[in-house]
$ cat work08.txt   # compact mmCIF, C-alpha atoms
# COMPACT_ATOMS: atom_id res chain seq x y z
CA MET A 1 39.41 -15.44 23.24
CA ASN A 2 42.79 -15.88 24.93
CA LYS A 3 43.41 -17.36 28.38
CA ALA A 4 43.55 -14.00 30.21
CA ASP A 5 40.21 -12.91 28.79
CA SER A 6 38.53 -16.18 29.56
CA SER A 7 39.65 -15.99 33.16
CA ARG A 8 37.69 -12.72 33.54
CA VAL A 9 34.41 -14.21 32.31
CA PRO A 10 33.19 -15.11 35.82
CA LEU A 11 33.93 -11.58 36.97
CA TYR A 12 31.98 -10.05 34.07
CA ALA A 13 29.13 -12.49 34.70
CA PHE A 14 29.07 -11.53 38.38
CA VAL A 15 28.95 -7.79 37.58
CA ILE A 16 26.17 -8.28 35.03
CA PHE A 17 24.28 -10.45 37.50
CA CYS A 18 24.52 -7.75 40.17
CA PHE A 19 23.28 -5.07 37.77
CA SER A 20 20.43 -7.33 36.67
CA MET A 21 19.35 -7.93 40.24
CA CYS A 22 19.47 -4.25 41.13
CA ALA A 23 17.66 -3.07 37.99
CA VAL A 24 14.93 -0.60 38.70
CA GLN A 25 11.76 -0.23 36.65
CA ALA A 26 12.66 1.28 33.29
CA ASP A 27 9.63 3.56 32.87
CA ALA A 28 10.37 3.40 29.17
CA HIS A 29 7.08 1.88 28.12
CA LEU A 30 4.13 3.72 26.69
CA ASN A 31 1.52 1.97 28.79
CA THR A 32 2.96 3.26 32.05
CA THR A 33 4.29 6.71 31.19
CA GLY A 34 2.71 7.85 27.93
CA MET A 35 5.42 9.17 25.67
CA GLY A 36 7.01 10.99 28.55
CA PRO A 37 6.39 14.71 29.00
CA LEU A 38 9.17 15.79 26.62
CA TYR A 39 7.90 13.63 23.78
CA ASP A 40 4.29 14.49 24.59
CA GLY A 41 5.21 18.12 23.98
CA LEU A 42 7.06 17.28 20.78
CA LEU A 43 4.14 15.27 19.45
CA HIS A 44 1.64 17.89 20.52
CA PHE A 45 3.38 20.38 18.28
CA LEU A 46 3.60 17.98 15.35
CA LEU A 47 -0.06 16.99 15.66
CA SER A 48 -1.48 20.50 16.18
CA PRO A 49 -1.92 22.22 12.82
CA ASP A 50 -2.84 25.51 14.49
CA ASP A 51 0.70 25.58 15.94
CA PHE A 52 2.49 23.66 13.24
CA ILE A 53 1.34 25.55 10.13
CA PRO A 54 2.24 29.09 11.25
CA VAL A 55 5.67 27.83 12.33
CA LEU A 56 6.13 26.08 9.00
CA ALA A 57 5.01 29.21 7.13
CA LEU A 58 7.45 31.43 9.02
CA ALA A 59 10.28 28.94 8.55
CA LEU A 60 9.60 28.80 4.80
CA LEU A 61 9.41 32.59 4.63
CA ALA A 62 12.68 32.95 6.50
CA GLY A 63 14.25 30.36 4.22
CA LEU A 64 13.13 32.26 1.13
CA ARG A 65 14.82 35.39 2.51
CA GLY A 66 18.11 33.63 3.08
CA ALA A 67 20.28 31.89 5.63
CA ALA A 68 20.56 34.91 7.97
CA HIS A 69 16.77 35.12 8.31
CA GLY A 70 16.54 31.37 8.78
CA ARG A 71 19.16 31.41 11.54
CA ARG A 72 17.43 34.30 13.28
CA ALA A 73 14.01 32.59 13.20
CA LEU A 74 15.60 29.34 14.32
CA PHE A 75 16.69 30.78 17.67
CA VAL A 76 14.25 33.64 18.24
CA MET A 77 10.97 31.82 17.68
CA PRO A 78 11.61 28.89 20.06
CA ALA A 79 12.93 31.36 22.64
CA GLY A 80 9.77 33.45 22.33
CA TRP A 81 7.67 30.29 22.50
CA LEU A 82 9.40 29.24 25.70
CA GLY A 83 8.97 32.69 27.23
CA GLY A 84 5.30 32.89 26.29
CA GLY A 85 4.72 29.35 27.48
CA LEU A 86 6.29 29.98 30.88
CA ALA A 87 4.16 33.12 31.24
CA GLY A 88 1.05 31.14 30.28
CA LEU A 89 1.69 28.39 32.81
CA SER A 90 0.52 30.64 35.63
CA VAL A 91 -2.77 31.49 33.90
CA SER A 92 -5.68 29.10 34.34
CA THR A 93 -7.84 29.84 31.28
CA THR A 94 -8.00 32.13 28.30
CA PRO A 95 -10.87 32.68 25.87
CA PRO A 96 -10.44 31.17 22.39
CA HIS A 97 -9.09 33.51 19.73
CA PRO A 98 -10.26 32.15 16.37
CA PHE A 99 -9.73 35.53 14.70
CA VAL A 100 -6.10 35.71 15.79
CA ALA A 101 -5.42 32.13 14.64
CA ALA A 102 -6.95 32.95 11.24
CA GLY A 103 -4.97 36.19 11.20
CA TRP A 104 -1.65 34.36 11.64
CA PHE A 105 -2.49 32.00 8.78
CA LEU A 106 -3.51 34.93 6.61
CA LEU A 107 -0.55 37.17 7.42
CA LEU A 108 2.17 34.54 7.08
CA GLY A 109 0.51 32.96 4.03
CA ILE A 110 0.28 36.27 2.18
CA LEU A 111 3.85 37.23 3.08
CA LEU A 112 5.04 33.85 1.82
CA ALA A 113 2.91 33.85 -1.34
CA ALA A 114 4.07 37.35 -2.24
CA ASP A 115 7.70 36.47 -1.43
CA THR A 116 7.81 39.71 0.57
CA LYS A 117 11.26 41.23 0.99
CA LEU A 118 11.25 41.42 4.78
CA SER A 119 14.08 43.06 6.67
CA LEU A 120 15.91 40.93 9.21
CA ARG A 121 14.43 43.08 11.97
CA LEU A 122 10.89 42.44 10.75
CA THR A 123 11.49 38.69 10.47
CA THR A 124 12.77 38.76 14.04
CA GLY A 125 9.76 40.71 15.24
CA ILE A 126 7.26 38.39 13.60
CA ALA A 127 9.09 35.32 14.91
CA VAL A 128 9.10 36.69 18.47
CA LEU A 129 5.42 37.67 18.33
CA LEU A 130 4.39 34.32 16.88
CA GLY A 131 6.43 32.48 19.50
CA LEU A 132 5.12 34.56 22.39
CA TYR A 133 1.48 34.30 21.35
CA HIS A 134 1.37 30.59 20.56
CA GLY A 135 3.67 29.76 23.45
CA TYR A 136 1.35 31.63 25.80
CA LEU A 137 -1.67 29.69 24.54
CA ASN A 138 0.24 26.43 24.92
CA GLY A 139 1.29 27.41 28.45
CA VAL A 140 -2.31 28.17 29.42
CA GLY A 141 -3.42 24.86 27.99
CA LEU A 142 -0.74 22.94 29.86
CA GLY A 143 -1.88 24.22 33.25
CA THR A 144 0.18 23.89 36.36
CA SER A 145 0.98 20.19 36.48
CA THR A 146 4.48 19.25 37.60
CA SER A 147 5.59 18.08 34.15
CA SER A 148 4.19 21.02 32.15
CA ALA A 149 7.58 22.75 31.93
CA VAL A 150 9.09 19.60 30.40
CA VAL A 151 6.17 19.35 27.95
CA LEU A 152 6.85 22.94 27.00
CA LEU A 153 10.49 22.08 26.48
CA GLY A 154 9.47 19.26 24.13
CA LEU A 155 7.29 21.69 22.21
CA VAL A 156 10.14 24.16 21.87
CA PHE A 157 12.47 21.39 20.77
CA GLY A 158 9.98 20.38 18.07
CA ILE A 159 9.70 23.98 16.87
CA PHE A 160 13.48 24.28 16.72
CA VAL A 161 13.82 21.12 14.65
CA MET A 162 10.93 22.04 12.34
CA THR A 163 12.27 25.55 11.76
CA ALA A 164 15.76 24.24 11.10
CA LEU A 165 14.59 21.62 8.61
CA ALA A 166 12.12 23.82 6.72
CA SER A 167 14.36 26.89 6.54
CA ALA A 168 17.42 24.92 5.51
CA PHE A 169 15.40 23.12 2.86
CA VAL A 170 14.23 26.38 1.30
CA VAL A 171 17.59 28.16 1.60
CA ARG A 172 19.12 25.43 -0.55
CA LEU A 173 16.49 25.77 -3.30
CA ARG A 174 17.85 27.32 -6.45
CA ALA A 175 15.40 26.21 -9.13
CA GLU A 176 12.78 28.85 -9.84
CA TRP A 177 9.92 26.35 -9.95
CA ALA A 178 10.87 25.03 -6.52
CA ARG A 179 10.76 28.49 -4.97
CA ILE A 180 7.43 29.09 -6.68
CA ALA A 181 6.11 25.85 -5.19
CA VAL A 182 6.98 27.25 -1.75
CA ARG A 183 5.04 30.41 -2.59
CA VAL A 184 2.07 28.33 -3.77
CA ALA A 185 2.11 26.67 -0.34
CA GLY A 186 1.91 30.18 1.10
CA SER A 187 -1.16 30.96 -0.98
CA TRP A 188 -2.81 27.79 0.29
CA ILE A 189 -2.06 28.77 3.89
CA ALA A 190 -3.48 32.25 3.29
CA ALA A 191 -6.57 30.80 1.62
CA SER A 192 -7.08 28.49 4.61
CA GLY A 193 -6.77 31.56 6.84
CA LEU A 194 -9.47 33.38 4.89
CA LEU A 195 -11.84 30.44 5.24
CA MET A 196 -11.04 30.19 8.95
CA LEU A 197 -11.89 33.87 9.24
CA GLY A 198 -15.24 33.16 7.59
CA TRP A 199 -15.87 30.30 10.02
CA ALA A 200 -14.95 32.55 12.95
CA ILE A 201 -17.35 35.29 11.81
CA ARG A 202 -20.09 32.75 11.15
CA SER A 203 -19.82 31.12 14.57
CA ARG A 204 -19.52 34.38 16.49
CA MET B 1 -6.98 -20.33 -21.60
CA ILE B 2 -8.44 -22.54 -24.36
CA SER B 3 -6.45 -22.40 -27.56
CA ARG B 4 -7.82 -22.93 -31.03
CA GLY B 5 -7.75 -26.42 -32.49
CA ARG B 6 -7.89 -28.10 -29.14
CA SER B 7 -10.75 -29.78 -27.40
CA ALA B 8 -12.93 -27.52 -25.27
CA ALA B 9 -11.95 -29.19 -22.00
CA PRO B 10 -12.60 -26.78 -19.10
CA ASN B 11 -9.47 -25.21 -17.69
CA PRO B 12 -9.55 -25.53 -13.87
CA LEU B 13 -7.69 -22.21 -13.41
CA ARG B 14 -10.14 -20.31 -15.55
CA ARG B 15 -13.10 -21.99 -13.86
CA GLY B 16 -11.73 -20.99 -10.46
CA TRP B 17 -11.25 -17.42 -11.58
CA ALA B 18 -14.82 -17.21 -12.90
CA ARG B 19 -16.14 -18.63 -9.66
CA SER B 20 -14.19 -16.05 -7.64
CA VAL B 21 -15.55 -13.20 -9.75
CA SER B 22 -19.09 -14.52 -9.51
CA MET B 23 -18.73 -14.61 -5.74
CA LEU B 24 -17.08 -11.19 -5.47
CA LEU B 25 -19.55 -9.39 -7.70
CA PRO B 26 -22.64 -9.91 -5.50
CA ILE B 27 -20.61 -8.98 -2.44
CA LEU B 28 -19.49 -5.74 -4.07
CA LEU B 29 -22.96 -4.94 -5.36
CA TRP B 30 -24.61 -5.56 -2.01
CA ALA B 31 -21.98 -3.78 0.02
CA PRO B 32 -23.70 -1.55 2.57
CA ALA B 33 -22.32 1.79 3.75
CA ALA B 34 -19.27 1.29 5.93
CA PHE B 35 -20.27 3.84 8.59
CA ALA B 36 -16.56 4.41 9.03
CA HIS B 37 -16.68 7.92 7.65
CA PRO B 38 -17.29 11.30 9.29
CA LEU B 39 -20.93 11.93 10.08
CA LYS B 40 -22.88 13.05 7.05
CA GLY B 41 -23.48 16.79 6.97
CA GLU B 42 -20.76 17.69 9.42
CA ALA B 43 -17.49 19.40 8.69
CA THR B 44 -15.51 17.18 10.98
CA GLY B 45 -12.06 17.45 9.56
CA PHE B 46 -9.52 17.31 6.81
CA ILE B 47 -11.07 14.49 4.76
CA THR B 48 -14.52 16.06 4.57
CA GLY B 49 -12.92 19.35 3.53
CA PHE B 50 -10.76 17.60 0.96
CA ARG B 51 -13.72 15.79 -0.56
CA HIS B 52 -15.92 18.85 -0.89
CA PRO B 53 -14.35 20.53 -3.96
CA ILE B 54 -13.88 17.26 -5.83
CA SER B 55 -17.49 16.18 -5.29
CA GLY B 56 -18.95 18.68 -7.79
CA PRO B 57 -18.14 18.11 -11.48
CA ASP B 58 -18.85 21.77 -12.34
CA HIS B 59 -16.17 22.86 -9.87
CA VAL B 60 -13.78 20.16 -11.00
CA LEU B 61 -14.09 21.18 -14.66
CA ALA B 62 -13.42 24.86 -13.96
CA MET B 63 -10.48 24.22 -11.64
CA VAL B 64 -8.81 21.80 -14.00
CA ALA B 65 -9.41 24.33 -16.80
CA VAL B 66 -7.53 26.96 -14.78
CA GLY B 67 -4.53 24.64 -14.67
CA LEU B 68 -4.82 23.83 -18.37
CA TRP B 69 -4.98 27.50 -19.30
CA GLY B 70 -2.06 28.33 -17.06
CA ALA B 71 -0.01 25.59 -18.72
CA GLN B 72 -0.95 26.92 -22.15
CA LEU B 73 0.00 30.48 -21.24
CA GLY B 74 3.31 29.41 -19.70
CA ALA B 75 5.30 31.35 -17.09
CA PRO B 76 4.41 33.39 -15.11
CA ALA B 77 0.69 32.58 -15.64
CA ILE B 78 1.31 28.90 -14.97
CA TRP B 79 1.89 29.67 -11.29
CA LEU B 80 0.09 33.00 -10.93
CA LEU B 81 -3.34 31.65 -11.89
CA PRO B 82 -3.23 28.69 -9.46
CA VAL B 83 -2.03 31.07 -6.73
CA ALA B 84 -4.76 33.62 -7.47
CA PHE B 85 -7.62 31.14 -7.73
CA PRO B 86 -7.47 29.56 -4.23
CA LEU B 87 -6.97 32.95 -2.59
CA VAL B 88 -9.92 34.60 -4.32
CA MET B 89 -11.99 31.44 -4.00
CA ALA B 90 -11.34 31.45 -0.26
CA PHE B 91 -12.44 35.08 -0.17
CA GLY B 92 -15.66 34.06 -1.92
CA GLY B 93 -15.97 31.19 0.56
CA MET B 94 -15.61 33.63 3.42
CA LEU B 95 -18.42 35.77 1.97
CA GLY B 96 -20.56 32.64 1.66
CA LEU B 97 -19.83 31.64 5.24
CA MET B 98 -20.74 35.13 6.43
CA GLY B 99 -24.02 34.93 4.53
CA VAL B 100 -23.25 37.79 2.13
CA PRO B 101 -25.51 37.13 -0.88
CA ILE B 102 -24.16 37.07 -4.44
CA PRO B 103 -26.78 36.69 -7.15
CA GLY B 104 -26.54 34.16 -10.00
CA ILE B 105 -24.00 31.85 -8.39
CA GLU B 106 -24.93 28.80 -10.47
CA TYR B 107 -24.84 30.84 -13.69
CA GLY B 108 -21.44 32.18 -12.76
CA ILE B 109 -20.08 28.69 -12.13
CA ALA B 110 -21.43 27.39 -15.43
CA ALA B 111 -20.15 30.48 -17.24
CA SER B 112 -16.70 29.91 -15.72
CA ALA B 113 -16.52 26.46 -17.28
CA ILE B 114 -17.74 27.80 -20.62
CA LEU B 115 -15.35 30.75 -20.77
CA LEU B 116 -12.30 29.02 -19.31
CA GLY B 117 -12.91 26.01 -21.57
CA ALA B 118 -13.29 28.34 -24.56
CA ALA B 119 -10.07 30.14 -23.59
CA VAL B 120 -8.22 26.81 -23.59
CA MET B 121 -9.92 25.68 -26.80
CA LEU B 122 -9.07 28.88 -28.68
CA GLU B 123 -5.71 29.25 -26.91
CA VAL B 124 -6.57 32.82 -25.98
CA ARG B 125 -3.54 34.78 -24.75
CA PRO B 126 -4.70 37.92 -22.96
CA PRO B 127 -2.35 40.08 -20.84
CA LEU B 128 -1.50 38.43 -17.54
CA ALA B 129 -3.57 40.89 -15.47
CA ILE B 130 -6.68 40.22 -17.57
CA ALA B 131 -6.23 36.45 -17.25
CA ALA B 132 -5.77 36.75 -13.47
CA LEU B 133 -8.81 39.03 -13.20
CA LEU B 134 -10.97 36.63 -15.19
CA VAL B 135 -9.89 33.65 -13.12
CA GLY B 136 -10.30 35.62 -9.89
CA PHE B 137 -13.76 36.82 -10.90
CA PHE B 138 -15.00 33.28 -11.43
CA ALA B 139 -13.23 32.03 -8.31
CA ILE B 140 -15.57 34.26 -6.27
CA PHE B 141 -18.59 32.30 -7.53
CA HIS B 142 -16.99 28.93 -6.84
CA GLY B 143 -15.86 29.99 -3.39
CA HIS B 144 -19.20 31.51 -2.47
CA ALA B 145 -21.05 28.35 -3.49
CA HIS B 146 -18.71 26.26 -1.34
CA GLY B 147 -18.93 28.65 1.60
CA ALA B 148 -22.71 28.80 1.54
CA GLU B 149 -22.93 25.00 1.37
CA LEU B 150 -20.48 24.28 4.17
CA PRO B 151 -22.13 22.39 7.01
CA PRO B 152 -21.62 23.36 10.65
CA GLY B 153 -18.51 21.71 11.95
CA GLN B 154 -16.10 21.21 14.76
CA SER B 155 -12.77 21.61 13.04
CA ALA B 156 -12.99 24.61 10.77
CA MET B 157 -9.24 24.77 10.38
CA LEU B 158 -8.70 21.18 9.24
CA TYR B 159 -11.75 21.42 7.00
CA SER B 160 -10.42 24.63 5.42
CA ILE B 161 -6.95 23.17 4.91
CA GLY B 162 -8.39 20.05 3.23
CA PHE B 163 -10.65 22.19 1.09
CA VAL B 164 -7.84 24.42 -0.15
CA ILE B 165 -5.42 21.55 -0.75
CA ALA B 166 -8.03 19.70 -2.85
CA THR B 167 -8.54 22.84 -4.93
CA GLY B 168 -4.80 23.21 -5.40
CA CYS B 169 -4.50 19.56 -6.38
CA LEU B 170 -7.16 20.02 -9.05
CA HIS B 171 -5.14 22.89 -10.48
CA ALA B 172 -2.04 20.73 -10.33
CA VAL B 173 -3.88 18.04 -12.29
CA GLY B 174 -4.73 20.65 -14.92
CA ILE B 175 -1.13 21.86 -15.05
CA GLY B 176 0.09 18.28 -15.25
CA ILE B 177 -2.18 17.54 -18.19
CA GLY B 178 -1.21 20.89 -19.70
CA THR B 179 2.46 19.91 -19.91
CA VAL B 180 1.62 18.09 -23.15
CA HIS B 181 1.44 21.57 -24.69
CA ARG B 182 5.10 21.27 -25.71
CA TRP B 183 4.20 18.78 -28.44
CA SER B 184 2.06 19.62 -31.48
CA TRP B 185 -0.31 16.72 -30.81
CA GLY B 186 -0.48 17.90 -27.22
CA GLN B 187 -1.59 21.35 -28.30
CA LYS B 188 -4.45 19.81 -30.28
CA PHE B 189 -5.28 17.57 -27.33
CA LEU B 190 -5.45 20.57 -25.00
CA ARG B 191 -7.73 22.43 -27.38
CA ALA B 192 -9.99 19.39 -27.49
CA ALA B 193 -9.93 19.21 -23.69
CA GLY B 194 -10.89 22.89 -23.58
CA ALA B 195 -13.80 22.19 -25.91
CA MET B 196 -14.95 19.38 -23.62
CA VAL B 197 -14.79 21.70 -20.60
CA ALA B 198 -16.79 24.34 -22.48
CA LEU B 199 -19.37 21.73 -23.48
CA GLY B 200 -19.63 20.65 -19.88
CA GLY B 201 -20.19 24.29 -18.97
CA VAL B 202 -23.00 24.55 -21.52
CA PHE B 203 -24.62 21.51 -19.92
CA PHE B 204 -24.39 23.02 -16.44
CA MET B 205 -25.74 26.32 -17.74
CA TYR B 206 -28.68 24.45 -19.27
CA LYS B 207 -29.29 22.76 -15.93
CA ALA B 208 -29.08 26.08 -14.08
CA VAL B 209 -31.51 27.80 -16.46
CA ALA B 210 -33.96 24.90 -16.85
$ encode --input "work08.txt" --output "structure tokens"
Amino acid sequence: MNKADSSRVPLYAFVIFCFSMCAVQADAHLNTTGMGPLYDGLLHFLLSPDDFIPVLALALLAGLRGAAHGRRALFVMPAGWLGGGLAGLSVSTTPPHPFVAAGWFLLLGILLAADTKLSLRLTTGIAVLLGLYHGYLNGVGLGTSTSSAVVLLGLVFGIFVMTALASAFVVRLRAEWARIAVRVAGSWIAASGLLMLGWAIRSR
Amino acid sequence: MISRGRSAAPNPLRRGWARSVSMLLPILLWAPAAFAHPLKGEATGFITGFRHPISGPDHVLAMVAVGLWGAQLGAPAIWLLPVAFPLVMAFGGMLGLMGVPIPGIEYGIAASAILLGAAVMLEVRPPLAIAALLVGFFAIFHGHAHGAELPPGQSAMLYSIGFVIATGCLHAVGIGIGTVHRWSWGQKFLRAAGAMVALGGVFFMYKAVA
């Protein structure tokens, strides 16, 4: 440290001291704020298989169809989710739809397992519908609290990241066995959907 | 360790090890239930669903045999059979959950082990559609048995996901074992494994009839 720098040390110390004295509460700790509404939304998506698995299935399906489908799903699905969520925020309750949840698993799982040659328009339509429907349910669940819009934003952010990662991963796959492994995952999702349908019929 | 030609003086390390084992053994034998698991008889989530297919040796034998047969047949059967089985099994499970009766479930399950084991033992190579139909036919019985046995639960989705993943993993185990088919000794080993599966099926058939 040369002489000029050392002469500024008291000034720096004074500025740091002032900032330290004026510091407000950070609100960065879990015990006072939870994860924060944005991260609560993000985690809600990651920890909710009824939301997570259909998104994953659609992202994998779009990835199998190529980069254009992946890019389309990447932007359309979160946008639909946000739109559906905002619409759902004004609704207080909605009856549970176990048949529709099972239907999404079944539809997306079968499309993925069969490696269906979807057109870009159809991929877009499915992504929008999935986003609108699940976003609406999320919006209804969030209610009308002040932070629900931020939670929804966290959800949408999570969906964007998940879709980007899963689609990009599959688009890069060239080995035949790797693409087949993705289709096997689709058959598992469809099989889960069938069982969920059975549960729904049984508990009706 | 005491070596030959030396005096039989007790080795302190060995004595300590024996003491530890003698203390651990009673603790392990007397260990009570942990009560840290999902309530018995309730489909509470992923783990209970995952454990269900692997808890029945008749199911395990047949599902591993599907993987073994797929590996023997090679592509595309190696992936088509494990894709077909969970889907059709889930359909059978759905019928079981809905209460649709299918007669002779236990016979069908035992017959699946016998026939799939025999197919692996004899290295039968039917056309792909026939193989898929055979596997799918037996998957109905397995799925129905599971569906009819499923306890009432709170998380049908997680239970179903665990259930299907366990089934898929059993197929993967079969396929993994089946990769030895590339070697001549491996082919003999697979045939022997098929014979064991078929024998297991005969045992389960005996139990079902008796």
$ closest_atom_pairs --input "work08.txt" --of "chain B" --to "chain A" --cutoff "10 Å" --atoms "all atoms listed in the file" --output "CSV"
residue,atom,partner,partner_atom,distance
B:Ala75,CA,A:Trp177,CA,9.9
B:Pro76,CA,A:Ile180,CA,9.9
B:Trp79,CA,A:Ile180,CA,7.2
B:Leu80,CA,A:Val184,CA,8.8
B:Pro82,CA,A:Val184,CA,7.8
B:Val83,CA,A:Val184,CA,5.8
B:Ala84,CA,A:Ser187,CA,7.9
B:Phe85,CA,A:Ser187,CA,9.3
B:Pro86,CA,A:Ala191,CA,6.0
B:Leu87,CA,A:Ala191,CA,4.7
B:Val88,CA,A:Ala191,CA,7.8
B:Met89,CA,A:Ala191,CA,7.8
B:Ala90,CA,A:Ala191,CA,5.2
B:Phe91,CA,A:Leu194,CA,6.1
B:Gly92,CA,A:Leu195,CA,8.9
B:Gly93,CA,A:Leu195,CA,6.3
B:Met94,CA,A:Gly198,CA,4.2
B:Leu95,CA,A:Gly198,CA,7.0
B:Gly96,CA,A:Gly198,CA,8.0
B:Leu97,CA,A:Gly198,CA,5.4
B:Met98,CA,A:Arg202,CA,5.3
B:Gly99,CA,A:Arg202,CA,8.0
B:Gly143,CA,A:Leu195,CA,9.5
B:Gly147,CA,A:Leu195,CA,8.2
B:Leu150,CA,A:Trp199,CA,9.6
B:Pro152,CA,A:Ser203,CA,8.9
B:Gly153,CA,A:Trp199,CA,9.2
B:Ser155,CA,A:Met196,CA,9.7
B:Ala156,CA,A:Met196,CA,6.2
B:Met157,CA,A:Met196,CA,5.9
B:Leu158,CA,A:Pro49,CA,7.7
B:Tyr159,CA,A:Ser192,CA,8.8
B:Ser160,CA,A:Ser192,CA,5.2
B:Ile161,CA,A:Ser192,CA,5.3
B:Gly162,CA,A:Ser192,CA,8.7
B:Phe163,CA,A:Ser192,CA,8.1
B:Val164,CA,A:Trp188,CA,6.1
B:Ile165,CA,A:Trp188,CA,6.8
B:Thr167,CA,A:Trp188,CA,9.2
B:Gly168,CA,A:Trp188,CA,7.6
$ residues_near_point --input "work08.txt" --point "(-8.0, 21.6, -18.5)" --cutoff "10 Å" --atoms "only C-alpha atoms" --output "ChimeraX atom specification"
/B:60-72,113,116-117,120-121,170-171,173-178,190-197
$ axis_aligned_box --input "work08.txt" --around "range 168-186 of chain B" --padding-each-side "3 Å" --output "JSON"
{"center_x": -1.0, "center_y": 20.0, "center_z": -18.4, "size_x": 18.3, "size_y": 12.5, "size_z": 32.1}
$ closest_residue --input "work08.txt" --among "A:Arg179, A:His134, A:Met21, A:Gly143" --to "Ala79 in chain A" --atoms "only C-alpha atoms"
A:His134
$ residues_near_point --input "work08.txt" --point "(13.0, 30.0, 4.8)" --cutoff "7 Å" --atoms "only C-alpha atoms" --output "JSON list (two decimals) with C-alpha atoms, in the frame of the given file"
[["chain", "number", "residue", "atom", "x", "y", "z"],
["A", 59, "ALA", "CA", 10.28, 28.94, 8.55],
["A", 60, "LEU", "CA", 9.60, 28.80, 4.80],
["A", 61, "LEU", "CA", 9.41, 32.59, 4.63],
["A", 62, "ALA", "CA", 12.68, 32.95, 6.50],
["A", 63, "GLY", "CA", 14.25, 30.36, 4.22],
["A", 64, "LEU", "CA", 13.13, 32.26, 1.13],
["A", 65, "ARG", "CA", 14.82, 35.39, 2.51],
["A", 66, "GLY", "CA", 18.11, 33.63, 3.08],
["A", 70, "GLY", "CA", 16.54, 31.37, 8.78],
["A", 166, "ALA", "CA", 12.12, 23.82, 6.72],
["A", 167, "SER", "CA", 14.36, 26.89, 6.54],
["A", 168, "ALA", "CA", 17.42, 24.92, 5.51],
["A", 170, "VAL", "CA", 14.23, 26.38, 1.30],
["A", 171, "VAL", "CA", 17.59, 28.16, 1.60]]
$ atom_distance --input "work08.txt" --atom1 "CA of Gly139 in chain A" --atom2 "CA of Leu152 in chain A"
7.3 Å
$ closest_residue --input "work08.txt" --among "B:Leu81, B:Leu73, B:Ala111, B:Leu122" --to "Ala208 in chain B" --atoms "only C-alpha atoms"
B:Ala111
$ atom_distance --input "work08.txt" --atom1 "CA of Gly154 in chain A" --atom2 "CA of Phe46 in chain B"
25.8 Å
$ closest_residue --input "work08.txt" --among "A:Val140, A:Ala149, A:Leu118, A:Leu129" --to "Pro54 in chain A" --atoms "all atoms listed in the file"
A:Leu129
$ closest_residue --input "work08.txt" --among "A:Ala178, A:Ala68, A:Val9, A:Val150" --to "Ser119 in chain A" --atoms "all atoms listed in the file"
A:Ala68
$ closest_residue --input "work08.txt" --among "A:Val128, A:Ala87, A:Val182, A:Leu165" --to "Gly141 in chain A" --atoms "only C-alpha atoms"
A:Ala87
$ atom_distance --input "work08.txt" --atom1 "CA of Leu107 in chain A" --atom2 "CA of Val100 in chain B"
23.3 Å
$ residues_around --input "work08.txt" --residues "Leu155 in chain A" --least-positions-apart "5" --cutoff "8 Å" --atoms "all atoms listed in the file" --output "number ranges by chain"
A: 38, 41-45
$ closest_residue --input "work08.txt" --among "A:Cys18, A:Val156, A:Leu142, A:Leu89" --to "Asp51 in chain A" --atoms "all atoms listed in the file"
A:Val156
